[in-house]
$ cat query.pdb   # PDB, C-alpha atoms and all ligand atoms
ATOM      1  CA  MET A  28      66.562  20.894  13.261
ATOM      2  CA  ALA A  29      64.956  23.523  11.091
ATOM      3  CA  SER A  30      62.688  21.031   9.290
ATOM      4  CA  ASN A  31      61.404  19.675  12.583
ATOM      5  CA  ASP A  32      60.792  23.192  13.807
ATOM      6  CA  SER A  33      58.741  24.143  10.786
ATOM      7  CA  ARG A  34      56.697  20.941  11.079
ATOM      8  CA  LEU A  35      56.039  21.728  14.690
ATOM      9  CA  GLN A  36      55.002  25.265  13.815
ATOM     10  CA  GLN A  37      52.476  23.993  11.319
ATOM     11  CA  GLN A  38      50.760  21.679  13.747
ATOM     12  CA  PRO A  39      48.588  24.223  15.580
ATOM     13  CA  ASP A  40      47.397  25.581  12.231
ATOM     14  CA  GLN A  41      46.411  22.167  10.984
ATOM     15  CA  ARG A  42      44.724  21.347  14.263
ATOM     16  CA  ASP A  43      42.864  24.653  14.103
ATOM     17  CA  ALA A  44      41.668  24.090  10.544
ATOM     18  CA  ALA A  45      40.307  20.645  11.335
ATOM     19  CA  ASP A  46      38.892  21.588  14.732
ATOM     20  CA  GLN A  47      35.122  21.137  14.701
ATOM     21  CA  ASN A  48      34.674  22.411  18.225
ATOM     22  CA  PHE A  49      33.199  25.870  17.612
ATOM     23  CA  ASP A  50      29.888  27.668  17.954
ATOM     24  CA  TYR A  51      30.092  29.853  14.859
ATOM     25  CA  MET A  52      32.119  29.983  11.694
ATOM     26  CA  PHE A  53      32.808  33.376  10.125
ATOM     27  CA  LYS A  54      34.215  33.457   6.640
ATOM     28  CA  LEU A  55      36.301  36.599   6.042
ATOM     29  CA  LEU A  56      38.112  37.823   2.932
ATOM     30  CA  ILE A  57      41.050  40.193   2.517
ATOM     31  CA  ILE A  58      41.013  42.016  -0.814
ATOM     32  CA  GLY A  59      42.882  44.893  -2.460
ATOM     33  CA  ASN A  60      45.587  45.581  -5.021
ATOM     34  CA  SER A  61      48.713  43.472  -5.244
ATOM     35  CA  SER A  62      51.486  44.360  -2.761
ATOM     36  CA  VAL A  63      49.325  46.404  -0.373
ATOM     37  CA  GLY A  64      50.159  43.860   2.359
ATOM     38  CA  LYS A  65      47.191  41.477   2.562
ATOM     39  CA  THR A  66      49.278  38.363   3.169
ATOM     40  CA  SER A  67      51.524  40.210   5.620
ATOM     41  CA  PHE A  68      48.492  41.454   7.528
ATOM     42  CA  LEU A  69      47.097  37.946   7.870
ATOM     43  CA  PHE A  70      50.474  36.536   8.903
ATOM     44  CA  ARG A  71      50.802  39.200  11.554
ATOM     45  CA  TYR A  72      47.351  38.419  12.913
ATOM     46  CA  ALA A  73      47.503  34.622  12.743
ATOM     47  CA  ASP A  74      51.189  33.949  13.421
ATOM     48  CA  ASP A  75      52.470  37.239  14.845
ATOM     49  CA  ALA A  76      55.168  37.210  12.171
ATOM     50  CA  PHE A  77      56.339  39.559   9.425
ATOM     51  CA  SER A  78      58.677  39.228   6.453
ATOM     52  CA  SER A  79      59.905  42.088   4.290
ATOM     53  CA  ALA A  80      60.206  39.720   1.309
ATOM     54  CA  PHE A  81      57.411  40.043  -1.259
ATOM     55  CA  VAL A  82      56.000  36.720  -2.415
ATOM     56  CA  SER A  83      52.910  37.596  -4.425
ATOM     57  CA  THR A  84      49.979  35.308  -3.639
ATOM     58  CA  VAL A  85      48.925  32.853  -6.331
ATOM     59  CA  GLY A  86      45.147  32.523  -6.424
ATOM     60  CA  ILE A  87      43.918  32.257  -2.871
ATOM     61  CA  ASP A  88      45.015  30.939   0.505
ATOM     62  CA  PHE A  89      43.495  30.820   3.968
ATOM     63  CA  LYS A  90      44.264  30.668   7.640
ATOM     64  CA  VAL A  91      42.128  29.823  10.616
ATOM     65  CA  LYS A  92      41.965  31.599  13.923
ATOM     66  CA  THR A  93      39.586  31.107  16.841
ATOM     67  CA  VAL A  94      38.258  34.040  18.856
ATOM     68  CA  PHE A  95      35.729  34.269  21.680
ATOM     69  CA  ARG A  96      32.716  36.511  22.216
ATOM     70  CA  ASN A  97      30.501  36.026  25.274
ATOM     71  CA  ASP A  98      31.853  32.522  25.843
ATOM     72  CA  LYS A  99      31.066  31.573  22.261
ATOM     73  CA  ARG A 100      33.871  30.068  20.239
ATOM     74  CA  ILE A 101      34.022  31.706  16.804
ATOM     75  CA  LYS A 102      36.187  30.100  14.185
ATOM     76  CA  LEU A 103      37.464  32.633  11.668
ATOM     77  CA  GLN A 104      38.242  31.260   8.256
ATOM     78  CA  ILE A 105      40.278  34.087   6.741
ATOM     79  CA  TRP A 106      40.842  34.002   2.996
ATOM     80  CA  ASP A 107      43.844  35.857   1.597
ATOM     81  CA  THR A 108      43.209  36.702  -2.045
ATOM     82  CA  ALA A 109      45.723  37.479  -4.797
ATOM     83  CA  GLY A 110      45.576  41.135  -5.788
ATOM     84  CA  GLN A 111      46.845  40.553  -9.306
ATOM     85  CA  GLU A 112      44.209  41.090 -11.981
ATOM     86  CA  ARG A 113      44.842  37.731 -13.647
ATOM     87  CA  TYR A 114      43.421  35.892 -10.608
ATOM     88  CA  ARG A 115      40.235  37.972 -10.422
ATOM     89  CA  THR A 116      37.915  35.221 -11.700
ATOM     90  CA  ILE A 117      39.193  32.793  -9.080
ATOM     91  CA  THR A 118      39.116  35.233  -6.203
ATOM     92  CA  THR A 119      35.668  36.711  -6.835
ATOM     93  CA  ALA A 120      34.257  33.167  -6.723
ATOM     94  CA  TYR A 121      35.082  33.210  -3.008
ATOM     95  CA  TYR A 122      33.137  36.416  -2.240
ATOM     96  CA  ARG A 123      29.879  34.572  -1.987
ATOM     97  CA  GLY A 124      29.306  33.476   1.581
ATOM     98  CA  ALA A 125      31.828  35.886   3.061
ATOM     99  CA  MET A 126      30.468  37.647   6.119
ATOM    100  CA  GLY A 127      33.211  40.242   6.324
ATOM    101  CA  PHE A 128      35.806  41.919   4.129
ATOM    102  CA  LEU A 129      39.013  43.785   4.804
ATOM    103  CA  LEU A 130      39.421  46.097   1.829
ATOM    104  CA  MET A 131      43.074  47.075   1.903
ATOM    105  CA  TYR A 132      45.169  49.742   0.217
ATOM    106  CA  ASP A 133      48.694  50.998   0.861
ATOM    107  CA  ILE A 134      49.011  54.563   2.209
ATOM    108  CA  THR A 135      52.222  54.987   0.148
ATOM    109  CA  ASN A 136      50.552  53.909  -3.086
ATOM    110  CA  GLN A 137      47.971  56.265  -4.620
ATOM    111  CA  GLU A 138      46.962  53.737  -7.266
ATOM    112  CA  SER A 139      45.978  51.212  -4.607
ATOM    113  CA  PHE A 140      43.783  53.867  -2.968
ATOM    114  CA  SER A 141      42.194  54.857  -6.298
ATOM    115  CA  ALA A 142      41.277  51.210  -6.762
ATOM    116  CA  VAL A 143      39.277  51.061  -3.515
ATOM    117  CA  ALA A 144      36.033  52.160  -5.209
ATOM    118  CA  ASP A 145      36.424  49.375  -7.786
ATOM    119  CA  TRP A 146      37.007  46.802  -5.039
ATOM    120  CA  ALA A 147      33.893  48.090  -3.291
ATOM    121  CA  THR A 148      31.945  47.517  -6.507
ATOM    122  CA  GLN A 149      33.288  43.969  -6.668
ATOM    123  CA  ILE A 150      32.004  43.365  -3.131
ATOM    124  CA  LYS A 151      28.581  44.727  -4.084
ATOM    125  CA  THR A 152      28.488  42.575  -7.192
ATOM    126  CA  TYR A 153      29.682  39.268  -5.818
ATOM    127  CA  SER A 154      28.900  39.168  -2.096
ATOM    128  CA  TRP A 155      25.926  39.178   0.247
ATOM    129  CA  ASP A 156      24.214  42.466   1.065
ATOM    130  CA  ASN A 157      24.822  41.906   4.743
ATOM    131  CA  ALA A 158      28.582  41.518   4.466
ATOM    132  CA  GLN A 159      30.505  43.919   6.686
ATOM    133  CA  VAL A 160      33.448  45.840   5.251
ATOM    134  CA  ILE A 161      36.377  47.548   6.927
ATOM    135  CA  MET A 162      38.705  49.686   4.837
ATOM    136  CA  VAL A 163      42.345  49.387   5.915
ATOM    137  CA  GLY A 164      45.163  51.772   4.949
ATOM    138  CA  ASN A 165      48.183  49.536   5.520
ATOM    139  CA  LYS A 166      51.881  50.482   5.896
ATOM    140  CA  CYS A 167      51.205  53.446   8.173
ATOM    141  CA  ASP A 168      54.713  52.877   9.537
ATOM    142  CA  MET A 169      55.977  54.530   6.298
ATOM    143  CA  GLU A 170      54.844  58.041   7.155
ATOM    144  CA  ASP A 171      57.723  59.622   5.185
ATOM    145  CA  GLU A 172      56.444  58.031   1.985
ATOM    146  CA  ARG A 173      52.750  58.670   2.582
ATOM    147  CA  MET A 174      50.815  59.516  -0.601
ATOM    148  CA  VAL A 175      47.261  59.180   0.705
ATOM    149  CA  PRO A 176      46.150  61.703   3.362
ATOM    150  CA  THR A 177      44.157  60.205   6.209
ATOM    151  CA  GLU A 178      41.349  62.743   5.640
ATOM    152  CA  ASP A 179      40.855  61.602   2.019
ATOM    153  CA  SER A 180      40.578  58.013   3.152
ATOM    154  CA  GLN A 181      38.170  58.848   5.941
ATOM    155  CA  ARG A 182      35.966  60.765   3.487
ATOM    156  CA  LEU A 183      35.914  57.873   1.032
ATOM    157  CA  ALA A 184      35.169  55.371   3.808
ATOM    158  CA  ASP A 185      32.286  57.561   4.983
ATOM    159  CA  ASP A 186      30.943  57.793   1.419
ATOM    160  CA  LEU A 187      31.128  54.022   1.001
ATOM    161  CA  GLY A 188      29.697  53.366   4.472
ATOM    162  CA  PHE A 189      32.789  51.470   5.634
ATOM    163  CA  GLN A 190      34.624  51.754   8.896
ATOM    164  CA  PHE A 191      38.230  52.845   8.410
ATOM    165  CA  PHE A 192      41.559  52.112  10.098
ATOM    166  CA  GLU A 193      45.152  52.875   9.246
ATOM    167  CA  ALA A 194      47.396  49.995  10.227
ATOM    168  CA  SER A 195      50.795  48.409   9.874
ATOM    169  CA  ALA A 196      51.464  44.719   9.486
ATOM    170  CA  ARG A 197      55.169  45.434   9.933
ATOM    171  CA  ASP A 198      54.898  47.313  13.217
ATOM    172  CA  ASN A 199      51.777  45.471  14.401
ATOM    173  CA  ILE A 200      49.620  48.603  14.561
ATOM    174  CA  ASN A 201      45.832  48.099  14.595
ATOM    175  CA  VAL A 202      46.035  44.559  13.205
ATOM    176  CA  LYS A 203      44.175  42.818  16.013
ATOM    177  CA  GLN A 204      41.890  45.848  16.395
ATOM    178  CA  VAL A 205      40.794  45.608  12.750
ATOM    179  CA  PHE A 206      39.869  41.928  13.033
ATOM    180  CA  ASP A 207      38.194  42.476  16.416
ATOM    181  CA  ARG A 208      36.107  45.288  14.949
ATOM    182  CA  LEU A 209      35.081  43.202  11.966
ATOM    183  CA  VAL A 210      34.020  40.311  14.196
ATOM    184  CA  ASP A 211      32.095  42.692  16.460
ATOM    185  CA  ARG A 212      30.297  44.228  13.481
ATOM    186  CA  ILE A 213      29.295  40.824  12.175
ATOM    187  CA  CYS A 214      27.978  39.878  15.620
ATOM    188  CA  GLU A 215      26.075  43.180  15.868
ATOM    189  CA  LYS A 216      24.584  42.646  12.436
ATOM    190  CA  MET A 217      23.490  39.147  13.332
ATOM    191  CA  ASN A 218      21.807  40.364  16.492
ATOM    192  CA  ASP A 219      20.150  43.274  14.632
ATOM    193  CA  THR A 220      18.660  41.040  11.974
ATOM    194  CA  MET A 221      17.490  38.536  14.582
ATOM    195  CA  ASP A 222      15.700  41.338  16.412
ATOM    196  CA  GLY A 223      13.946  42.286  13.190
ATOM    197  CA  ASP A 224      12.301  39.814  10.898
ATOM    198  CA  GLY A 225      13.808  36.673  12.362
ATOM    199  CA  ASN A 226      16.326  36.230   9.595
ATOM    200  CA  ASN A 227      19.916  36.490  10.557
ATOM    201  CA  LEU A 228      23.109  36.607   8.610
ATOM    202  CA  MET A 229      23.491  32.851   8.787
ATOM    203  CA  SER A 230      19.962  31.794   8.079
ATOM    204  CA  ASN A 231      19.898  34.139   5.083
ATOM    205  CA  HIS A 232      22.742  32.283   3.527
ATOM    206  CA  ARG A 233      22.395  28.590   3.662
ATOM    207  CA  GLY A 234      25.733  27.721   2.209
ATOM    208  CA  GLN A 235      28.950  26.249   3.345
ATOM    209  CA  ASP A 236      29.055  28.227   6.565
ATOM    210  CA  LEU A 237      25.776  26.885   7.785
ATOM    211  CA  ARG A 238      26.645  23.338   6.903
ATOM    212  CA  GLU A 239      29.851  23.761   8.825
ATOM    213  CA  LEU A 240      28.058  24.723  12.003
ATOM    214  CA  PRO A 241      28.463  21.759  14.324
ATOM    215  CA  ARG A 242      25.403  22.288  16.473
ATOM    216  CA  GLU A 243      21.761  23.242  16.244
ATOM    217  CA  ASN A 244      22.693  26.832  16.809
ATOM    218  CA  GLN A 245      21.652  28.490  13.590
ATOM    219  CA  GLY A 246      19.137  30.736  15.272
ATOM    220  CA  GLY A 247      21.455  33.660  15.830
ATOM    221  CA  CYS A 248      24.484  34.778  17.652
ATOM    222  CA  SER A 249      24.298  35.737  21.289
ATOM    223  CA  CYS A 250      27.593  37.555  21.069
TER     224      CYS A 250
HETATM  225  P1  LIG B   1      49.490  40.041  -3.451
HETATM  226  O1  LIG B   1      49.612  38.697  -2.841
HETATM  227  O2  LIG B   1      50.283  40.174  -4.729
HETATM  228  O3  LIG B   1      48.082  40.473  -3.678
HETATM  229  O4  LIG B   1      50.173  41.113  -2.422
HETATM  230  P2  LIG B   1      49.835  41.315  -0.881
HETATM  231  O5  LIG B   1      48.802  42.378  -0.763
HETATM  232  O6  LIG B   1      49.556  40.026  -0.242
HETATM  233  O7  LIG B   1      51.201  41.940  -0.320
HETATM  234  P3  LIG B   1      52.251  41.275   0.695
HETATM  235  O8  LIG B   1      51.647  41.016   2.018
HETATM  236  O9  LIG B   1      52.910  40.152   0.021
HETATM  237  O10 LIG B   1      53.258  42.508   0.930
HETATM  238  C1  LIG B   1      53.903  43.178  -0.145
HETATM  239  C2  LIG B   1      55.159  43.853   0.376
HETATM  240  O11 LIG B   1      54.827  44.878   1.311
HETATM  241  C3  LIG B   1      56.103  42.897   1.111
HETATM  242  O12 LIG B   1      57.430  43.221   0.763
HETATM  243  C4  LIG B   1      55.840  43.182   2.588
HETATM  244  O13 LIG B   1      56.955  42.944   3.399
HETATM  245  C5  LIG B   1      55.500  44.683   2.545
HETATM  246  N1  LIG B   1      54.600  45.085   3.632
HETATM  247  C6  LIG B   1      53.442  44.499   3.980
HETATM  248  N2  LIG B   1      52.884  45.126   5.020
HETATM  249  C7  LIG B   1      53.706  46.144   5.347
HETATM  250  C8  LIG B   1      53.679  47.165   6.357
HETATM  251  O14 LIG B   1      52.760  47.275   7.176
HETATM  252  N3  LIG B   1      54.718  48.056   6.366
HETATM  253  C9  LIG B   1      55.738  47.971   5.480
HETATM  254  N4  LIG B   1      56.719  48.905   5.574
HETATM  255  N5  LIG B   1      55.807  47.022   4.515
HETATM  256  C10 LIG B   1      54.815  46.120   4.454
HETATM  257 MG    MG B   2      49.472  38.129  -0.923
END

$ encode --input "query.pdb" --output "structure tokens"
Amino acid sequence: MASNDSRLQQQPDQRDAADQNFDYMFKLLIIGNSSVGKTSFLFRYADDAFSSAFVSTVGIDFKVKTVFRNDKRIKLQIWDTAGQERYRTITTAYYRGAMGFLLMYDITNQESFSAVADWATQIKTYSWDNAQVIMVGNKCDMEDERMVPTEDSQRLADDLGFQFFEASARDNINVKQVFDRLVDRICEKMNDTMDGDGNNLMSNHRGQDLRELPRENQGGCSC
């Protein structure tokens, strides 16, 4: 039965979300204009699924995925924000405490690329200084309709100090790589700051993420 199937499919997600067995919790946010493919990108990563239907996100949603680095279990809490302007007040409230951002535009949509600088300003305004950002040019499967040259994007990413990938949620290009890179950068940053003045990304930000850590392991990430 279809209803049974969908219930079954939801079970791992629910188990994952409630699972307290992890070493670190990373809160990540996906931001960018409406229709660039944020929800599709997250679905591809978390569920390995894609739909060509466009159901614009209302407010904010999240999925959980667990990854491993050096035998440490890292629980990713990935927030999928609505790109529509009318939800901006709600979505920016979630920036605080985020350790990483995927700032997404659509390579076939010039307006979404022009908006990247504004999204970067939003990150600066509402998030932690230490938050890591990766700029993602989604829909690279639509080469025939490309409006944003790769070189322009690379230049902007360099100017903003962000790493840059082109990707496709539809064809599953660079989706896992983008998340892996973001997790690696967060781990690197945590190790860097630990090596320095003893503060790390977590201990700088005693908020929900710290409280959610299940063990006495707030002294840094060994990944
Ligand atoms: P909001 O929720 O309104 O902010 O939009 P969103 O950024 O979440 O966009 P969404 O993921 O809903 O995708 C918008 C449309 O683009 C949908 O019709 C998707 O099927 C399509 N889409 C998403 N990713 C890709 C991709 O990589 N390639 C192609 N060709 N289409 C894509
Ligand atoms: Mg969406």

$ closest_atom_pairs --input "query.pdb" --of "stretch 86-113 of chain A" --to "stretch 53-58 of chain A" --cutoff "9 Å" --atoms "all atoms listed in the file" --output "CSV"
residue,atom,partner,partner_atom,distance
A:Phe89,CA,A:Leu56,CA,8.9
A:Ile101,CA,A:Phe53,CA,7.0
A:Lys102,CA,A:Phe53,CA,6.2
A:Leu103,CA,A:Phe53,CA,5.0
A:Gln104,CA,A:Lys54,CA,4.9
A:Ile105,CA,A:Leu55,CA,4.8
A:Trp106,CA,A:Leu56,CA,4.7
A:Asp107,CA,A:Ile57,CA,5.2
A:Thr108,CA,A:Ile58,CA,5.9
A:Ala109,CA,A:Ile58,CA,7.7
A:Gly110,CA,A:Ile58,CA,6.8

$ resolve_selection --input "query.pdb" --expression "the PyMOL selection byres (((not hetatm)) within 9 of (chain B and resi 2))" --output "PDB file with C-alpha atoms, in the coordinates of the input"
ATOM      1  CA  SER A  61      48.713  43.472  -5.244  1.00  0.00           C
ATOM      2  CA  SER A  62      51.486  44.360  -2.761  1.00  0.00           C
ATOM      3  CA  VAL A  63      49.325  46.404  -0.373  1.00  0.00           C
ATOM      4  CA  GLY A  64      50.159  43.860   2.359  1.00  0.00           C
ATOM      5  CA  LYS A  65      47.191  41.477   2.562  1.00  0.00           C
ATOM      6  CA  THR A  66      49.278  38.363   3.169  1.00  0.00           C
ATOM      7  CA  SER A  67      51.524  40.210   5.620  1.00  0.00           C
ATOM      8  CA  PHE A  81      57.411  40.043  -1.259  1.00  0.00           C
ATOM      9  CA  VAL A  82      56.000  36.720  -2.415  1.00  0.00           C
ATOM     10  CA  SER A  83      52.910  37.596  -4.425  1.00  0.00           C
ATOM     11  CA  THR A  84      49.979  35.308  -3.639  1.00  0.00           C
ATOM     12  CA  VAL A  85      48.925  32.853  -6.331  1.00  0.00           C
ATOM     13  CA  GLY A  86      45.147  32.523  -6.424  1.00  0.00           C
ATOM     14  CA  ILE A  87      43.918  32.257  -2.871  1.00  0.00           C
ATOM     15  CA  ASP A  88      45.015  30.939   0.505  1.00  0.00           C
ATOM     16  CA  ASP A 107      43.844  35.857   1.597  1.00  0.00           C
ATOM     17  CA  THR A 108      43.209  36.702  -2.045  1.00  0.00           C
ATOM     18  CA  ALA A 109      45.723  37.479  -4.797  1.00  0.00           C
ATOM     19  CA  GLY A 110      45.576  41.135  -5.788  1.00  0.00           C
TER      20      GLY A 110
END

$ atom_distance --input "query.pdb" --atom1 "atom CA of A:Val163" --atom2 "atom C10 of ligand LIG 1 (chain B)"
13.0 Å

$ resolve_selection --input "query.pdb" --expression "the PyMOL selection byres (((chain A and resi 196-205) around 12) and not hetatm)" --output "JSON list (two decimals) with C-alpha atoms, in the coordinates of the input"
[["chain", "number", "residue", "atom", "x", "y", "z"],
["A", 57, "ILE", "CA", 41.05, 40.19, 2.52],
["A", 63, "VAL", "CA", 49.32, 46.40, -0.37],
["A", 64, "GLY", "CA", 50.16, 43.86, 2.36],
["A", 65, "LYS", "CA", 47.19, 41.48, 2.56],
["A", 66, "THR", "CA", 49.28, 38.36, 3.17],
["A", 67, "SER", "CA", 51.52, 40.21, 5.62],
["A", 68, "PHE", "CA", 48.49, 41.45, 7.53],
["A", 69, "LEU", "CA", 47.10, 37.95, 7.87],
["A", 70, "PHE", "CA", 50.47, 36.54, 8.90],
["A", 71, "ARG", "CA", 50.80, 39.20, 11.55],
["A", 72, "TYR", "CA", 47.35, 38.42, 12.91],
["A", 73, "ALA", "CA", 47.50, 34.62, 12.74],
["A", 74, "ASP", "CA", 51.19, 33.95, 13.42],
["A", 75, "ASP", "CA", 52.47, 37.24, 14.84],
["A", 76, "ALA", "CA", 55.17, 37.21, 12.17],
["A", 77, "PHE", "CA", 56.34, 39.56, 9.43],
["A", 78, "SER", "CA", 58.68, 39.23, 6.45],
["A", 79, "SER", "CA", 59.90, 42.09, 4.29],
["A", 80, "ALA", "CA", 60.21, 39.72, 1.31],
["A", 92, "LYS", "CA", 41.96, 31.60, 13.92],
["A", 94, "VAL", "CA", 38.26, 34.04, 18.86],
["A", 127, "GLY", "CA", 33.21, 40.24, 6.32],
["A", 128, "PHE", "CA", 35.81, 41.92, 4.13],
["A", 129, "LEU", "CA", 39.01, 43.78, 4.80],
["A", 130, "LEU", "CA", 39.42, 46.10, 1.83],
["A", 131, "MET", "CA", 43.07, 47.08, 1.90],
["A", 133, "ASP", "CA", 48.69, 51.00, 0.86],
["A", 160, "VAL", "CA", 33.45, 45.84, 5.25],
["A", 161, "ILE", "CA", 36.38, 47.55, 6.93],
["A", 162, "MET", "CA", 38.70, 49.69, 4.84],
["A", 163, "VAL", "CA", 42.34, 49.39, 5.92],
["A", 164, "GLY", "CA", 45.16, 51.77, 4.95],
["A", 165, "ASN", "CA", 48.18, 49.54, 5.52],
["A", 166, "LYS", "CA", 51.88, 50.48, 5.90],
["A", 167, "CYS", "CA", 51.20, 53.45, 8.17],
["A", 168, "ASP", "CA", 54.71, 52.88, 9.54],
["A", 169, "MET", "CA", 55.98, 54.53, 6.30],
["A", 190, "GLN", "CA", 34.62, 51.75, 8.90],
["A", 191, "PHE", "CA", 38.23, 52.84, 8.41],
["A", 192, "PHE", "CA", 41.56, 52.11, 10.10],
["A", 193, "GLU", "CA", 45.15, 52.88, 9.25],
["A", 194, "ALA", "CA", 47.40, 50.00, 10.23],
["A", 195, "SER", "CA", 50.80, 48.41, 9.87],
["A", 206, "PHE", "CA", 39.87, 41.93, 13.03],
["A", 207, "ASP", "CA", 38.19, 42.48, 16.42],
["A", 208, "ARG", "CA", 36.11, 45.29, 14.95],
["A", 209, "LEU", "CA", 35.08, 43.20, 11.97],
["A", 210, "VAL", "CA", 34.02, 40.31, 14.20],
["A", 211, "ASP", "CA", 32.10, 42.69, 16.46],
["A", 212, "ARG", "CA", 30.30, 44.23, 13.48]]

$ axis_aligned_box --input "query.pdb" --around "ligand LIG 1 (chain B)" --padding-each-side "3 Å" --output "AutoDock Vina command-line options"
--center_x 52.8 --center_y 43.8 --center_z 1.2 --size_x 15.3 --size_y 16.2 --size_z 17.9

$ atom_distance --input "query.pdb" --atom1 "atom CA of A:Ile134" --atom2 "atom CA of A:Asp186"
18.4 Å

$ closest_residue --input "query.pdb" --among "A:Asp50, A:Asp145, A:Glu112, A:Glu215" --to "A:Gln159" --atoms "all atoms listed in the file"
A:Glu215

$ atom_distance --input "query.pdb" --atom1 "atom CA of A:Arg100" --atom2 "atom CA of A:Tyr51"
6.6 Å

$ resolve_selection --input "query.pdb" --expression "the PyMOL selection byres (((chain A and resi 183) around 12) and not hetatm)" --output "PyMOL selection string"
chain A and resi 140-144+147+161-164+175-182+184-191
